[in-house]
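See structure below.
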Amino acid sequence: MELVLDDESREMEFSGTLAELLKELKIMREEAVVRVNGRLAPETRKVKPRDRIEVIRVVFGG
Amino acid sequence: MSRMEKGRCHCGAEGAVFLAYSCKHLCESHFIRMFDKRFRKTVRMNSMLRRKERVAVGLSGGKDSTVLLHSLAELQKDLPFELVAITIDEGIEGYRARTMKPAKIACENLGIEQHIFSFRELCGKTLDELVKKSKDNIPCSQCGVFRRYALNKAARELKADKLALGHNLDDMAQTVLMNIMRCEPSRLARLNEPLTKNSKLVPRIRPLMMTPEREIAIYAMMKGMPIERVECPYARFAFRGQVRKMLNESEERYPGTKFKVVGSFLEIEDALRSKYAKGAAIAECTSCGEPSSRDVCMFCKLKS
């Protein structure tokens with residue numbers, strides 16, 4: 001799968017849910033929103049090998 | 001297999017959001033519906049707005065205040081009231097200039113008058129200059145005093161009946177915990193409303209106070225709002241940042257924690273207000289004439 005985090009893209013292998021992926025990335029669920037293949041997705045969704053996953057950090061304040 | 005395991009909304013559509021505190025998946029359209037309904041319920045339950053009032057929105061251009069402006073503009077379709085936006089330019093290099101642009105765009109798109117006030121106009125210095133000058137003060141507490149002062153003064157000058165702020169559920173839960181951790185229950189008592197009325201203090205409303213911060217970000221994305229995702233460079237110095245982290249960790253382990261913290265505060269709010277109402281007085285600052293509980297207000301003290 002392709003992971004886009006902090007405007008940087010990289011390929012990685014991962015098996016599990018988006019919640020588990022966030023845990024692996026040490027990002028709290030409360031502090032991020034995830035888009036899979038351009039669409040918002042719940043953290044319960046399982047990651048598929050050809051997914052493009054964007055992790056968007058929730059900016060504090062505003 | 002249950003709907004939750006399938007990740008589907010109650011309508012059968014694929015879920016876009018999972019709300020851990022209610023164990024529900026919602027599709028985009030039902031999430032937006034739930035969000036709007038909660039916004040209106042918060043406004044109605046707390047009698048935040050009345051017909052024909054003039055409401056000034058504190059608009060920074062970040063996600064919370066931009067969503068607040070849009071939701072209030074939407075509410076205007078059913079409730080006749082006036083809207084005007086106030087943007088405070090604190091003078092933070094590389095930060096405020098980036099959020100000023102989306103604030104301007106939001107006002108232009110919605111046809112809302114925007115008024116910009118700056119710390120420099122108010123006290124002759126930007127926040128960056130004030131921070132350089134003072135080594136002892138944490139910039140966030142200083143900025144908070146100046147911003148509250150500027151927003152109130154601006155709202156009053158614009159003849160606003162209410163000042164609407166984009167504080168969300170996370171902000172509220174953080175403030176409640178911070179006041180408890182600092183042992184300042186009297187501040188907690190006046191969190192929603194001053195203990196005594198003063199004609200120079202424009203009443204504040206927080207229509208997003210029951211909406212989690214993350215859901216505001218999701219809503220802004222779904223609605224395609226132009227928002228600059230930049231964090232204040234001083235945020236890392238704040239005690240609030242530590243409390244935010246602690247609350248987010250608790251929320252992850254025990255979903256619903258933030259609602260429970262704010263809910264508990266609302267349950268004891270009346271008791272706290274009764275306890276601290278006695279002897280509470282708002283006079284006027286002897287230096288600037290603005291409302292203050294001390295002889296010289298914090299703004300004048302910090303400015304000098």
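In the structure tokens, the first chain shown is A, the next is B, and so on; residue numbers restart at 1 for each chain, and ligands run from 1 in the order shown.
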
Residues of chain A in alpha helix (DSSP H), written as a PyMOL selection string:
chain A and resi 18-24

Which polymer residues have any atom within 7 Å of an atom of region 40-48 of chain A, counting only C-alpha atoms, with same-chain residues fewer than 4 positions away left out, as a PDB file with N, CA and C atoms, in the first residue's frame?
ATOM      1  N   SER A  15      -0.700  -5.262   7.316  1.00  0.00           N
ATOM      2  CA  SER A  15      -1.914  -6.066   7.357  1.00  0.00           C
ATOM      3  C   SER A  15      -2.636  -5.738   8.659  1.00  0.00           C
ATOM      4  N   GLY A  16      -3.860  -5.297   8.553  1.00  0.00           N
ATOM      5  CA  GLY A  16      -4.639  -4.935   9.751  1.00  0.00           C
ATOM      6  C   GLY A  16      -5.601  -3.812   9.427  1.00  0.00           C
ATOM      7  N   THR A  17      -6.163  -3.221  10.471  1.00  0.00           N
ATOM      8  CA  THR A  17      -7.125  -2.127  10.268  1.00  0.00           C
ATOM      9  C   THR A  17      -6.401  -0.775  10.265  1.00  0.00           C
ATOM     10  N   LEU A  18      -7.157   0.269   9.901  1.00  0.00           N
ATOM     11  CA  LEU A  18      -6.569   1.617   9.906  1.00  0.00           C
ATOM     12  C   LEU A  18      -6.210   2.022  11.336  1.00  0.00           C
ATOM     13  N   ALA A  19      -7.017   1.583  12.316  1.00  0.00           N
ATOM     14  CA  ALA A  19      -6.729   1.892  13.723  1.00  0.00           C
ATOM     15  C   ALA A  19      -5.385   1.290  14.115  1.00  0.00           C
ATOM     16  N   VAL A  34      -8.349   9.770   8.407  1.00  0.00           N
ATOM     17  CA  VAL A  34      -7.731   8.947   7.367  1.00  0.00           C
ATOM     18  C   VAL A  34      -8.596   8.912   6.106  1.00  0.00           C
ATOM     19  N   ARG A  35      -7.914   9.092   4.968  1.00  0.00           N
ATOM     20  CA  ARG A  35      -8.584   8.979   3.671  1.00  0.00           C
ATOM     21  C   ARG A  35      -7.999   7.770   2.953  1.00  0.00           C
ATOM     22  N   VAL A  36      -8.861   6.911   2.440  1.00  0.00           N
ATOM     23  CA  VAL A  36      -8.394   5.753   1.680  1.00  0.00           C
ATOM     24  C   VAL A  36      -8.868   5.922   0.240  1.00  0.00           C
TER      25      VAL A  36
ATOM     26  N   GLY B   7     -18.821  -2.254   8.946  1.00  0.00           N
ATOM     27  CA  GLY B   7     -18.428  -0.861   8.748  1.00  0.00           C
ATOM     28  C   GLY B   7     -19.453  -0.078   7.960  1.00  0.00           C
ATOM     29  N   GLY B  15     -19.650   3.124   5.581  1.00  0.00           N
ATOM     30  CA  GLY B  15     -19.348   4.128   6.603  1.00  0.00           C
ATOM     31  C   GLY B  15     -18.137   4.974   6.221  1.00  0.00           C
ATOM     32  N   ALA B  16     -18.231   6.271   6.493  1.00  0.00           N
ATOM     33  CA  ALA B  16     -17.087   7.160   6.245  1.00  0.00           C
ATOM     34  C   ALA B  16     -16.421   7.506   7.557  1.00  0.00           C
ATOM     35  N   VAL B  17     -17.195   7.426   8.647  1.00  0.00           N
ATOM     36  CA  VAL B  17     -16.702   7.814   9.970  1.00  0.00           C
ATOM     37  C   VAL B  17     -17.148   6.780  10.987  1.00  0.00           C
ATOM     38  N   PHE B  18     -16.259   6.486  11.945  1.00  0.00           N
ATOM     39  CA  PHE B  18     -16.647   5.612  13.045  1.00  0.00           C
ATOM     40  C   PHE B  18     -16.628   6.438  14.322  1.00  0.00           C
TER      41      PHE B  18
END

Excluding same-chain residues fewer than 4 positions from Asn37 (chain A), what lies within 7 Å of it counting only C-alpha atoms, as a list in words?
Asp51, Arg52 and Ile53 of chain A

Take the residues just selected and output them with C-alpha atoms as a short mmCIF file (atom, residue, chain, number, x, y, z; two decimals), in the first residue's frame.
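The resulting file, result-v5.cif, is shown below:
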data_model
loop_
_atom_site.label_atom_id
_atom_site.label_comp_id
_atom_site.auth_asym_id
_atom_site.auth_seq_id
_atom_site.Cartn_x
_atom_site.Cartn_y
_atom_site.Cartn_z
CA ASP A 51 -4.78 1.11 -1.05
CA ARG A 52 -3.53 4.68 -1.07
CA ILE A 53 -3.80 5.83 2.54
#

Would you please extract all strand (DSSP E or B) residues from region 149-298 of chain B, as assigned by DSSP on the backbone, and give them as a ChimeraX atom specification?
/B:162-164,204-205,283-284,291-292

Region 207-213 of chain B: which residues within 9 Å, counting only C-alpha atoms, same-chain residues fewer than 2 positions away excluded, as a PyMOL selection string?
(chain A and resi 30-31+58+60-61) or (chain B and resi 35+38-43+46+48+63-64+68+72+164-172+205+215-218+258-259+262)

Using only C-alpha atoms, which of B:Gly256, B:Gly111, B:Pro194, B:Gly91 sits nearest Glu129 (chain B)?
B:Gly91

Give the answer as one residue: which of A:Gly38, A:Ala32, A:Arg50, A:Lys26 has the shortest atom-to-atom distance to chain B, using only C-alpha atoms?
A:Ala32

Which residue, B:Ile92, B:Val145, B:Ile116, B:Met221, has the smallest gap to chain A when you use only C-alpha atoms?
B:Met221

Residue neighbourhood Met246 (chain B), 12 Å, only C-alpha atoms, exclusion window fewer than 3 positions, as a ChimeraX atom specification
/A:28,30 /B:170,173-174,177-178,239-243,249-254,257-258

Expected file contents, prior selection, N, CA and C atoms, as a PDB file, in the first residue's frame:
ATOM      1  N   MET A  28      -2.232   9.178  17.522  1.00  0.00           N
ATOM      2  CA  MET A  28      -3.480   8.922  18.224  1.00  0.00           C
ATOM      3  C   MET A  28      -4.669   9.082  17.284  1.00  0.00           C
ATOM      4  N   GLU A  30      -7.525  10.137  17.852  1.00  0.00           N
ATOM      5  CA  GLU A  30      -8.196  11.421  18.073  1.00  0.00           C
ATOM      6  C   GLU A  30      -7.506  12.565  17.337  1.00  0.00           C
TER       7      GLU A  30
ATOM      8  N   ASP B 170     -13.374  19.417  22.861  1.00  0.00           N
ATOM      9  CA  ASP B 170     -12.016  19.175  23.354  1.00  0.00           C
ATOM     10  C   ASP B 170     -11.522  20.387  24.142  1.00  0.00           C
ATOM     11  N   ALA B 173     -13.343  20.435  27.506  1.00  0.00           N
ATOM     12  CA  ALA B 173     -12.858  19.396  28.429  1.00  0.00           C
ATOM     13  C   ALA B 173     -11.468  19.768  28.954  1.00  0.00           C
ATOM     14  N   GLN B 174     -10.631  20.314  28.062  1.00  0.00           N
ATOM     15  CA  GLN B 174      -9.280  20.740  28.490  1.00  0.00           C
ATOM     16  C   GLN B 174      -9.373  21.849  29.534  1.00  0.00           C
ATOM     17  N   LEU B 177     -10.488  20.497  32.936  1.00  0.00           N
ATOM     18  CA  LEU B 177      -9.404  19.784  33.628  1.00  0.00           C
ATOM     19  C   LEU B 177      -8.293  20.732  34.087  1.00  0.00           C
ATOM     20  N   MET B 178      -7.966  21.702  33.226  1.00  0.00           N
ATOM     21  CA  MET B 178      -6.895  22.652  33.592  1.00  0.00           C
ATOM     22  C   MET B 178      -7.271  23.434  34.840  1.00  0.00           C
ATOM     23  N   PHE B 239       0.429  24.625  28.590  1.00  0.00           N
ATOM     24  CA  PHE B 239      -0.015  23.569  29.498  1.00  0.00           C
ATOM     25  C   PHE B 239      -1.180  22.825  28.832  1.00  0.00           C
ATOM     26  N   ARG B 240      -1.992  23.605  28.085  1.00  0.00           N
ATOM     27  CA  ARG B 240      -3.137  23.031  27.377  1.00  0.00           C
ATOM     28  C   ARG B 240      -2.725  21.869  26.476  1.00  0.00           C
ATOM     29  N   GLY B 241      -1.563  21.985  25.851  1.00  0.00           N
ATOM     30  CA  GLY B 241      -1.080  20.938  24.953  1.00  0.00           C
ATOM     31  C   GLY B 241      -0.876  19.613  25.694  1.00  0.00           C
ATOM     32  N   GLN B 242      -0.382  19.698  26.925  1.00  0.00           N
ATOM     33  CA  GLN B 242      -0.171  18.498  27.752  1.00  0.00           C
ATOM     34  C   GLN B 242      -1.507  17.877  28.134  1.00  0.00           C
ATOM     35  N   VAL B 243      -2.459  18.751  28.492  1.00  0.00           N
ATOM     36  CA  VAL B 243      -3.783  18.266  28.900  1.00  0.00           C
ATOM     37  C   VAL B 243      -4.498  17.655  27.693  1.00  0.00           C
ATOM     38  N   GLU B 249      -5.445  10.521  24.975  1.00  0.00           N
ATOM     39  CA  GLU B 249      -5.067   9.150  25.354  1.00  0.00           C
ATOM     40  C   GLU B 249      -6.226   8.476  26.092  1.00  0.00           C
ATOM     41  N   SER B 250      -6.871   9.227  26.974  1.00  0.00           N
ATOM     42  CA  SER B 250      -8.011   8.669  27.722  1.00  0.00           C
ATOM     43  C   SER B 250      -9.166   8.355  26.778  1.00  0.00           C
ATOM     44  N   GLU B 251      -9.403   9.264  25.834  1.00  0.00           N
ATOM     45  CA  GLU B 251     -10.511   9.073  24.886  1.00  0.00           C
ATOM     46  C   GLU B 251     -10.284   7.804  24.060  1.00  0.00           C
ATOM     47  N   GLU B 252      -9.036   7.551  23.719  1.00  0.00           N
ATOM     48  CA  GLU B 252      -8.726   6.388  22.902  1.00  0.00           C
ATOM     49  C   GLU B 252      -8.999   5.090  23.685  1.00  0.00           C
ATOM     50  N   ARG B 253      -8.644   5.121  24.966  1.00  0.00           N
ATOM     51  CA  ARG B 253      -8.872   3.928  25.802  1.00  0.00           C
ATOM     52  C   ARG B 253     -10.316   3.829  26.261  1.00  0.00           C
ATOM     53  N   TYR B 254     -10.881   4.967  26.629  1.00  0.00           N
ATOM     54  CA  TYR B 254     -12.247   4.990  27.176  1.00  0.00           C
ATOM     55  C   TYR B 254     -13.082   5.984  26.360  1.00  0.00           C
ATOM     56  N   THR B 257     -14.875   9.903  27.014  1.00  0.00           N
ATOM     57  CA  THR B 257     -14.283  10.622  28.156  1.00  0.00           C
ATOM     58  C   THR B 257     -14.544  12.127  28.082  1.00  0.00           C
ATOM     59  N   LYS B 258     -14.353  12.721  26.900  1.00  0.00           N
ATOM     60  CA  LYS B 258     -14.501  14.189  26.781  1.00  0.00           C
ATOM     61  C   LYS B 258     -15.947  14.617  27.048  1.00  0.00           C
TER      62      LYS B 258
END

Can you list, as a PyMOL selection string, every protein, DNA or RNA residue that comes within 8 Å of region 9-14 of chain B when you count only C-alpha atoms, leaving out same-chain residues fewer than 3 positions away?
chain B and resi 3+24-27+30

Just want the 12 Å neighbourhood of Leu110 (chain B), counted on only C-alpha atoms, with same-chain residues fewer than 5 positions away dropped. Output as a list in words.
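Close residues of Leu110 (chain B): Thr66, Val67, Leu69, His70, Ser71, Leu72, Ala73, Glu74, Gln76, Leu83, Val84, Ala85, Ala103, Lys104, Ile105 and Met225 of chain B.
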
Taking N, CA and C atoms for each residue, export the selection above as a PDB file, in the first residue's frame.
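So the final result, stored in again.pdb, reads:
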ATOM      1  N   THR B  66     -14.124  28.593  11.239  1.00  0.00           N
ATOM      2  CA  THR B  66     -14.677  28.585   9.878  1.00  0.00           C
ATOM      3  C   THR B  66     -15.955  27.736   9.828  1.00  0.00           C
ATOM      4  N   VAL B  67     -15.913  26.571  10.486  1.00  0.00           N
ATOM      5  CA  VAL B  67     -17.111  25.723  10.533  1.00  0.00           C
ATOM      6  C   VAL B  67     -18.215  26.458  11.302  1.00  0.00           C
ATOM      7  N   LEU B  69     -18.712  29.671  11.525  1.00  0.00           N
ATOM      8  CA  LEU B  69     -19.270  30.715  10.658  1.00  0.00           C
ATOM      9  C   LEU B  69     -20.253  30.117   9.641  1.00  0.00           C
ATOM     10  N   HIS B  70     -19.843  29.002   9.019  1.00  0.00           N
ATOM     11  CA  HIS B  70     -20.721  28.347   8.035  1.00  0.00           C
ATOM     12  C   HIS B  70     -22.012  27.846   8.692  1.00  0.00           C
ATOM     13  N   SER B  71     -21.877  27.230   9.869  1.00  0.00           N
ATOM     14  CA  SER B  71     -23.069  26.659  10.523  1.00  0.00           C
ATOM     15  C   SER B  71     -24.017  27.761  10.979  1.00  0.00           C
ATOM     16  N   LEU B  72     -23.456  28.887  11.436  1.00  0.00           N
ATOM     17  CA  LEU B  72     -24.324  30.002  11.845  1.00  0.00           C
ATOM     18  C   LEU B  72     -25.002  30.611  10.619  1.00  0.00           C
ATOM     19  N   ALA B  73     -24.255  30.704   9.513  1.00  0.00           N
ATOM     20  CA  ALA B  73     -24.837  31.252   8.281  1.00  0.00           C
ATOM     21  C   ALA B  73     -25.977  30.352   7.809  1.00  0.00           C
ATOM     22  N   GLU B  74     -25.819  29.053   7.984  1.00  0.00           N
ATOM     23  CA  GLU B  74     -26.868  28.089   7.608  1.00  0.00           C
ATOM     24  C   GLU B  74     -28.091  28.267   8.507  1.00  0.00           C
ATOM     25  N   GLN B  76     -29.077  30.925   9.861  1.00  0.00           N
ATOM     26  CA  GLN B  76     -29.761  32.189   9.514  1.00  0.00           C
ATOM     27  C   GLN B  76     -30.953  31.969   8.583  1.00  0.00           C
ATOM     28  N   LEU B  83     -25.080  38.521  11.197  1.00  0.00           N
ATOM     29  CA  LEU B  83     -23.754  37.936  11.428  1.00  0.00           C
ATOM     30  C   LEU B  83     -22.659  38.883  10.966  1.00  0.00           C
ATOM     31  N   VAL B  84     -21.607  38.994  11.759  1.00  0.00           N
ATOM     32  CA  VAL B  84     -20.463  39.801  11.376  1.00  0.00           C
ATOM     33  C   VAL B  84     -19.231  39.039  11.908  1.00  0.00           C
ATOM     34  N   ALA B  85     -18.109  39.131  11.200  1.00  0.00           N
ATOM     35  CA  ALA B  85     -16.926  38.377  11.646  1.00  0.00           C
ATOM     36  C   ALA B  85     -15.827  39.308  12.159  1.00  0.00           C
ATOM     37  N   ALA B 103      -9.837  32.967   6.073  1.00  0.00           N
ATOM     38  CA  ALA B 103     -10.880  33.687   6.822  1.00  0.00           C
ATOM     39  C   ALA B 103     -11.568  34.688   5.894  1.00  0.00           C
ATOM     40  N   LYS B 104     -10.755  35.367   5.102  1.00  0.00           N
ATOM     41  CA  LYS B 104     -11.281  36.368   4.159  1.00  0.00           C
ATOM     42  C   LYS B 104     -12.155  35.677   3.093  1.00  0.00           C
ATOM     43  N   ILE B 105     -11.644  34.551   2.578  1.00  0.00           N
ATOM     44  CA  ILE B 105     -12.387  33.809   1.549  1.00  0.00           C
ATOM     45  C   ILE B 105     -13.746  33.339   2.096  1.00  0.00           C
ATOM     46  N   MET B 225     -14.303  23.029   2.793  1.00  0.00           N
ATOM     47  CA  MET B 225     -14.013  24.403   3.238  1.00  0.00           C
ATOM     48  C   MET B 225     -12.527  24.714   3.073  1.00  0.00           C
TER      49      MET B 225
END

Which value, in Å to one decimal, gives the distance between CA of Glu11 (chain A) and CA of Pro49 (chain A)?
10.2 Å
